[in-house]
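J.: After the structure tokens below, expect a handful of questions from me.
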Amino acid sequence: MKVLIINMATATDRMAFMAAQMDHFGLDWARIEAITPDTLTPPADDPVWHRWQRPLRVTEMALCASHMAAWRAVIAADVPHLILEDDATLAADLPAFLAGVAGLTDVDHISLETRGRKKVLGRVLHSAAPMLRLWQDRTGSAAYIAYPKGAKLMLDHALRVGGPSDAIISSTYGMRSYQAVPALAVQLDICAQYGVPQALETRSLIDAVEKPRLPVSGMAALGFRTRRIWGQIVMGWRQLRYRGTRLHVAPARDWPKITL
């Protein structure tokens with residue numbers, strides 16, 4: 001399975017880390033130039049970026065646009081790809097997992113990561129690989145497999161209502177989503193939390209821009225609050241409907257030590 005790595009031109013240390021991981025695993029990969037606030041299309045004042053449940057940082061808009069570029073690449077190639085942000089640390093079992101799921105036709109999206117928040121999962125492992133049906137995710141877009149149909153669904157959703165990349169993924173409810181168990185990826189900034197070897201110190205590029213304040217009154221404020229409430233209702237309804245288990249996905253035990 002081919003890998004797409006989202007990376008900013010200035011983040012050369014992160015790219016070196018990702019390239020070292022790709023070499024370690026022997027994976028076929030390509031770099032996707034990350035969208036930045038300066039190259040953002042549609043621009044930050046376009047209405048699409050103001051239909052989410054809260055105001056977005058321009059860095060969140062740029063990251064979502066970067067994932068949209070990756071989804072377009074998956075659609076054009078018409079084969080599943082592993083999509084990675086450039087701070088994803090990968091477990092030793094990743095190649096075997098990719099080999100097991102590459103040819104599946106009953107899956108649209110597989111999350112590989114864990115990031116401290118519980119997910120609503122099914123109870124029965126898929127026959128092809130150690131993964132559970134993912135009914136509701138909460139956070140994380142650093143490591144996932146997108147199949148062509150899933151990429152199209154996520155892209156269409158983002159074009160209707162631009163939001164944080166992880167929120168767009170987790171609210172594209174038409175997808176047949178799964179979660180790798182145990183998780184096969186964590187981001188560099190939480191490696192220590194999980195006891196995973198950390199090859200590189202990082203800081204959040206999203207948080208480099210101050211979080212916009214929610215309007216206190218007016219139609220914009222009402223729109224944000226209404227969408228937020230509805231989003232919470234839908235998440236709760238999905239947990240009840242599918243009788244999923246709220247579970248913190250533990251990381252895999254074996255992680256290669258990548259040196260730069």
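Ordering of the structure tokens sets the chain letters (A, B, ...); residue numbers start at 1 within each chain; ligands are numbered from 1 in the order shown.
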Return as a tab-separated table the residues of region 132-185 of chain A lying at most 8 Å from region 106-113 of chain A, together with the closest atom-to-atom pair for each and the distance in Å to one decimal, counting only C-alpha atoms, with rows in chain order and ascending residue number.
T.:
residue	atom	partner	partner_atom	distance
A:Gly140	CA	A:Glu113	CA	7.1
A:Ala142	CA	A:Glu113	CA	7.3
A:Ala143	CA	A:Leu112	CA	5.6
A:Tyr144	CA	A:Ser111	CA	4.4
A:Ile145	CA	A:Ile110	CA	5.0
A:Ala146	CA	A:His109	CA	4.9
A:Tyr147	CA	A:Asp108	CA	5.0
A:Pro148	CA	A:Asp108	CA	7.3
A:Lys149	CA	A:Asp108	CA	6.0
A:Gly150	CA	A:Asp108	CA	4.4
A:Ala151	CA	A:Asp108	CA	7.8
A:Met175	CA	A:Asp108	CA	5.6
A:Arg176	CA	A:Asp108	CA	5.1
A:Ser177	CA	A:His109	CA	4.7
A:Tyr178	CA	A:Ile110	CA	4.6
A:Gln179	CA	A:Ser111	CA	4.8
A:Ala180	CA	A:Leu112	CA	5.2
A:Ala183	CA	A:Glu113	CA	5.1
A:Leu184	CA	A:Leu112	CA	5.2
A:Ala185	CA	A:Glu113	CA	4.4
J.: Write out the residues from the selection above, keeping N, CA and C atoms, as a CSV table (one decimal), in the first residue's frame.
T.:
chain,number,residue,atom,x,y,z
A,140,GLY,N,-8.0,13.1,16.1
A,140,GLY,CA,-6.9,12.4,15.4
A,140,GLY,C,-7.0,12.3,13.9
A,142,ALA,N,-3.8,11.9,12.2
A,142,ALA,CA,-2.3,11.8,11.9
A,142,ALA,C,-2.0,10.5,11.1
A,143,ALA,N,-2.9,9.5,11.2
A,143,ALA,CA,-2.5,8.2,10.6
A,143,ALA,C,-3.8,7.4,10.4
A,144,TYR,N,-4.2,7.3,9.1
A,144,TYR,CA,-5.4,6.5,8.7
A,144,TYR,C,-5.2,6.0,7.3
A,145,ILE,N,-6.0,5.0,7.0
A,145,ILE,CA,-6.1,4.5,5.6
A,145,ILE,C,-7.4,5.0,5.0
A,146,ALA,N,-7.2,5.6,3.8
A,146,ALA,CA,-8.4,6.0,3.1
A,146,ALA,C,-8.6,5.2,1.8
A,147,TYR,N,-9.7,4.6,1.7
A,147,TYR,CA,-10.1,3.9,0.4
A,147,TYR,C,-10.8,4.9,-0.5
A,148,PRO,N,-10.8,4.6,-1.8
A,148,PRO,CA,-11.3,5.6,-2.7
A,148,PRO,C,-12.7,6.1,-2.4
A,149,LYS,N,-13.6,5.2,-2.0
A,149,LYS,CA,-15.0,5.7,-1.7
A,149,LYS,C,-14.9,6.6,-0.4
A,150,GLY,N,-14.2,6.2,0.6
A,150,GLY,CA,-14.1,7.0,1.8
A,150,GLY,C,-13.5,8.3,1.5
A,151,ALA,N,-12.4,8.4,0.7
A,151,ALA,CA,-11.8,9.6,0.3
A,151,ALA,C,-12.8,10.6,-0.3
A,175,MET,N,-19.3,6.6,5.9
A,175,MET,CA,-18.2,5.7,5.7
A,175,MET,C,-18.3,4.5,6.6
A,176,ARG,N,-17.8,3.4,6.1
A,176,ARG,CA,-17.6,2.1,6.9
A,176,ARG,C,-16.2,2.2,7.5
A,177,SER,N,-16.2,2.7,8.7
A,177,SER,CA,-14.9,3.0,9.4
A,177,SER,C,-14.6,1.9,10.4
A,178,TYR,N,-13.3,1.7,10.5
A,178,TYR,CA,-12.7,0.8,11.5
A,178,TYR,C,-11.6,1.4,12.2
A,179,GLN,N,-11.3,0.8,13.4
A,179,GLN,CA,-10.2,1.2,14.2
A,179,GLN,C,-9.2,0.0,14.4
A,180,ALA,N,-7.9,0.2,14.2
A,180,ALA,CA,-6.9,-0.8,14.4
A,180,ALA,C,-6.8,-1.0,16.0
A,183,ALA,N,-3.7,0.2,18.7
A,183,ALA,CA,-3.4,1.3,17.8
A,183,ALA,C,-2.0,1.1,17.3
A,184,LEU,N,-1.8,1.5,16.0
A,184,LEU,CA,-0.5,1.4,15.4
A,184,LEU,C,0.2,2.7,15.1
A,185,ALA,N,-0.3,3.8,15.7
A,185,ALA,CA,0.3,5.1,15.5
A,185,ALA,C,0.0,6.0,16.7
J.: Quick one: residues within 10 Å of Pro37 (chain A), only C-alpha atoms counted, chain neighbours fewer than 4 positions away excluded, as a list in words?
T.: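 So, after excluding close chain neighbours, the residues are Thr41, Pro43, Ala44, Arg57, Val58, Thr59, Glu60, Met61, Ala62, Leu63 and Ala65 of chain A.
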J.: Keeping N, CA and C atoms, export the residues of the selection given above as a PDB file, in the first residue's frame.
T.:
ATOM      1  N   THR A  41      -6.503  27.565  -0.146  1.00  0.00           N
ATOM      2  CA  THR A  41      -7.559  27.688  -1.145  1.00  0.00           C
ATOM      3  C   THR A  41      -8.651  26.679  -0.823  1.00  0.00           C
ATOM      4  N   PRO A  43      -9.729  30.641   0.265  1.00  0.00           N
ATOM      5  CA  PRO A  43      -9.120  31.512   1.277  1.00  0.00           C
ATOM      6  C   PRO A  43      -9.912  31.504   2.581  1.00  0.00           C
ATOM      7  N   ALA A  44      -9.285  32.026   3.623  1.00  0.00           N
ATOM      8  CA  ALA A  44      -9.873  31.945   4.965  1.00  0.00           C
ATOM      9  C   ALA A  44     -11.214  32.647   5.085  1.00  0.00           C
ATOM     10  N   ARG A  57      -9.134  28.167  13.588  1.00  0.00           N
ATOM     11  CA  ARG A  57      -7.843  28.796  13.336  1.00  0.00           C
ATOM     12  C   ARG A  57      -7.532  28.657  11.844  1.00  0.00           C
ATOM     13  N   VAL A  58      -6.786  29.598  11.311  1.00  0.00           N
ATOM     14  CA  VAL A  58      -6.402  29.484   9.907  1.00  0.00           C
ATOM     15  C   VAL A  58      -5.479  28.285   9.709  1.00  0.00           C
ATOM     16  N   THR A  59      -4.740  27.896  10.736  1.00  0.00           N
ATOM     17  CA  THR A  59      -3.897  26.698  10.640  1.00  0.00           C
ATOM     18  C   THR A  59      -4.754  25.435  10.552  1.00  0.00           C
ATOM     19  N   GLU A  60      -5.915  25.418  11.201  1.00  0.00           N
ATOM     20  CA  GLU A  60      -6.827  24.282  11.078  1.00  0.00           C
ATOM     21  C   GLU A  60      -7.403  24.202   9.666  1.00  0.00           C
ATOM     22  N   MET A  61      -7.727  25.357   9.104  1.00  0.00           N
ATOM     23  CA  MET A  61      -8.200  25.383   7.721  1.00  0.00           C
ATOM     24  C   MET A  61      -7.134  24.801   6.789  1.00  0.00           C
ATOM     25  N   ALA A  62      -5.886  25.210   7.005  1.00  0.00           N
ATOM     26  CA  ALA A  62      -4.796  24.754   6.136  1.00  0.00           C
ATOM     27  C   ALA A  62      -4.578  23.246   6.258  1.00  0.00           C
ATOM     28  N   LEU A  63      -4.658  22.728   7.467  1.00  0.00           N
ATOM     29  CA  LEU A  63      -4.474  21.281   7.635  1.00  0.00           C
ATOM     30  C   LEU A  63      -5.609  20.516   6.976  1.00  0.00           C
ATOM     31  N   ALA A  65      -7.327  21.487   4.402  1.00  0.00           N
ATOM     32  CA  ALA A  65      -7.089  21.583   2.962  1.00  0.00           C
ATOM     33  C   ALA A  65      -5.988  20.617   2.521  1.00  0.00           C
TER      34      ALA A  65
END
J.: Report as a tab-separated table: every residue of region 74-150 of chain A with an atom at most 8 Å from region 234-254 of chain A, its closest pair of atoms, and their distance in Å to one decimal, counting only C-alpha atoms, with rows sorted by chain and ascending residue number.
T.:
residue	atom	partner	partner_atom	distance
A:Ala91	CA	A:Asp254	CA	6.1
A:Ala92	CA	A:Asp254	CA	5.6
A:Asp93	CA	A:Asp254	CA	7.5
A:Glu113	CA	A:Pro251	CA	7.9
A:Thr114	CA	A:Val249	CA	6.0
A:Gly116	CA	A:His248	CA	6.8
A:Arg117	CA	A:His248	CA	6.2
A:Lys118	CA	A:His248	CA	4.3
A:Lys119	CA	A:Arg246	CA	5.3
A:Val120	CA	A:Arg246	CA	4.5
A:Leu121	CA	A:Gly244	CA	5.1
A:Gly122	CA	A:Gly244	CA	5.1
A:Arg123	CA	A:Gly244	CA	7.2
A:Trp135	CA	A:Arg238	CA	6.9
A:Gln136	CA	A:Met235	CA	6.8
J.: Which parts of region 31-91 of chain A does DSSP call strand (DSSP E) when run on the backbone here, written out as number ranges by chain?
T.: A: 31-33, 81-85, 88-90
J.: From the list A:Lys2, A:Arg133, A:Lys211, A:Arg203, which residue is nearest Leu98 (chain A) when using only C-alpha atoms?
T.: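 Going through A:Lys2, A:Arg133, A:Lys211, A:Arg203 one by one, the smallest distance to Leu98 (chain A) is for A:Lys2.
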J.: By how many Å are CA of Cys191 (chain A) and CA of Pro55 (chain A) apart?
T.: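 Here the two named atoms are 29.1 Å from each other.
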J.: Using DSSP secondary structure from the backbone, list all alpha helix (DSSP H) positions within region 63-200 of chain A, as an NGL selection string.
T.: :A and (63-77 or 94-101 or 148-160 or 165-170 or 191-194)
J.: Please determine, counting only C-alpha atoms, which residue among A:Leu56, A:Ile229, A:Pro164, A:His24 has the shortest atom-to-atom distance to Glu210 (chain A).
T.: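 The closest residue to Glu210 (chain A) is A:Leu56.
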J.: Do a neighbour search on Cys64 (chain A) at 10 Å with only C-alpha atoms, toss out local chain neighbours closer than 4 positions, and write the hits as a ChimeraX atom specification.
T.: /A:34-35,40,49,58-60,68-70,141,155,158,162-169
J.: Would you mind exporting the chosen residues as a PDB file, in the first residue's frame, restricted to N, CA and C atoms?
T.:
ATOM      1  N   ALA A  34       2.217  20.370   2.190  1.00  0.00           N
ATOM      2  CA  ALA A  34       1.142  20.837   3.066  1.00  0.00           C
ATOM      3  C   ALA A  34       0.693  22.238   2.667  1.00  0.00           C
ATOM      4  N   ILE A  35      -0.605  22.442   2.719  1.00  0.00           N
ATOM      5  CA  ILE A  35      -1.161  23.778   2.527  1.00  0.00           C
ATOM      6  C   ILE A  35      -0.824  24.617   3.752  1.00  0.00           C
ATOM      7  N   LEU A  40      -3.599  28.892   1.260  1.00  0.00           N
ATOM      8  CA  LEU A  40      -4.909  28.292   1.502  1.00  0.00           C
ATOM      9  C   LEU A  40      -5.888  28.611   0.383  1.00  0.00           C
ATOM     10  N   TRP A  49     -15.352  27.768   5.344  1.00  0.00           N
ATOM     11  CA  TRP A  49     -14.578  27.631   6.580  1.00  0.00           C
ATOM     12  C   TRP A  49     -15.322  28.157   7.797  1.00  0.00           C
ATOM     13  N   VAL A  58      -6.786  29.598  11.311  1.00  0.00           N
ATOM     14  CA  VAL A  58      -6.402  29.484   9.907  1.00  0.00           C
ATOM     15  C   VAL A  58      -5.479  28.285   9.709  1.00  0.00           C
ATOM     16  N   THR A  59      -4.740  27.896  10.736  1.00  0.00           N
ATOM     17  CA  THR A  59      -3.897  26.698  10.640  1.00  0.00           C
ATOM     18  C   THR A  59      -4.754  25.435  10.552  1.00  0.00           C
ATOM     19  N   GLU A  60      -5.915  25.418  11.201  1.00  0.00           N
ATOM     20  CA  GLU A  60      -6.827  24.282  11.078  1.00  0.00           C
ATOM     21  C   GLU A  60      -7.403  24.202   9.666  1.00  0.00           C
ATOM     22  N   MET A  68      -7.513  17.310   2.260  1.00  0.00           N
ATOM     23  CA  MET A  68      -8.343  17.284   1.053  1.00  0.00           C
ATOM     24  C   MET A  68      -7.492  16.987  -0.185  1.00  0.00           C
ATOM     25  N   ALA A  69      -6.278  17.533  -0.219  1.00  0.00           N
ATOM     26  CA  ALA A  69      -5.366  17.240  -1.332  1.00  0.00           C
ATOM     27  C   ALA A  69      -5.004  15.756  -1.349  1.00  0.00           C
ATOM     28  N   ALA A  70      -4.797  15.188  -0.166  1.00  0.00           N
ATOM     29  CA  ALA A  70      -4.498  13.756  -0.081  1.00  0.00           C
ATOM     30  C   ALA A  70      -5.684  12.927  -0.551  1.00  0.00           C
ATOM     31  N   SER A 141      -6.081  12.846  13.184  1.00  0.00           N
ATOM     32  CA  SER A 141      -6.038  12.646  11.729  1.00  0.00           C
ATOM     33  C   SER A 141      -4.609  12.393  11.270  1.00  0.00           C
ATOM     34  N   LEU A 155     -14.037  14.106   1.265  1.00  0.00           N
ATOM     35  CA  LEU A 155     -13.842  15.314   0.471  1.00  0.00           C
ATOM     36  C   LEU A 155     -15.153  16.061   0.289  1.00  0.00           C
ATOM     37  N   ALA A 158     -16.053  17.810   3.523  1.00  0.00           N
ATOM     38  CA  ALA A 158     -15.224  18.992   3.782  1.00  0.00           C
ATOM     39  C   ALA A 158     -15.596  20.153   2.871  1.00  0.00           C
ATOM     40  N   GLY A 162     -16.260  23.062   5.879  1.00  0.00           N
ATOM     41  CA  GLY A 162     -14.862  22.942   6.260  1.00  0.00           C
ATOM     42  C   GLY A 162     -14.710  22.959   7.774  1.00  0.00           C
ATOM     43  N   GLY A 163     -13.902  22.057   8.299  1.00  0.00           N
ATOM     44  CA  GLY A 163     -13.687  21.971   9.742  1.00  0.00           C
ATOM     45  C   GLY A 163     -12.310  21.440  10.030  1.00  0.00           C
ATOM     46  N   PRO A 164     -11.981  21.188  11.285  1.00  0.00           N
ATOM     47  CA  PRO A 164     -10.719  20.524  11.601  1.00  0.00           C
ATOM     48  C   PRO A 164     -10.664  19.173  10.902  1.00  0.00           C
ATOM     49  N   SER A 165      -9.500  18.789  10.419  1.00  0.00           N
ATOM     50  CA  SER A 165      -9.392  17.559   9.628  1.00  0.00           C
ATOM     51  C   SER A 165      -9.892  16.342  10.389  1.00  0.00           C
ATOM     52  N   ASP A 166      -9.543  16.235  11.685  1.00  0.00           N
ATOM     53  CA  ASP A 166      -9.984  15.052  12.433  1.00  0.00           C
ATOM     54  C   ASP A 166     -11.493  15.061  12.640  1.00  0.00           C
ATOM     55  N   ALA A 167     -12.071  16.253  12.811  1.00  0.00           N
ATOM     56  CA  ALA A 167     -13.513  16.339  12.993  1.00  0.00           C
ATOM     57  C   ALA A 167     -14.265  16.017  11.703  1.00  0.00           C
ATOM     58  N   ILE A 168     -13.724  16.446  10.584  1.00  0.00           N
ATOM     59  CA  ILE A 168     -14.339  16.094   9.296  1.00  0.00           C
ATOM     60  C   ILE A 168     -14.344  14.580   9.118  1.00  0.00           C
ATOM     61  N   ILE A 169     -13.206  13.950   9.414  1.00  0.00           N
ATOM     62  CA  ILE A 169     -13.116  12.495   9.263  1.00  0.00           C
ATOM     63  C   ILE A 169     -14.126  11.796  10.178  1.00  0.00           C
TER      64      ILE A 169
END
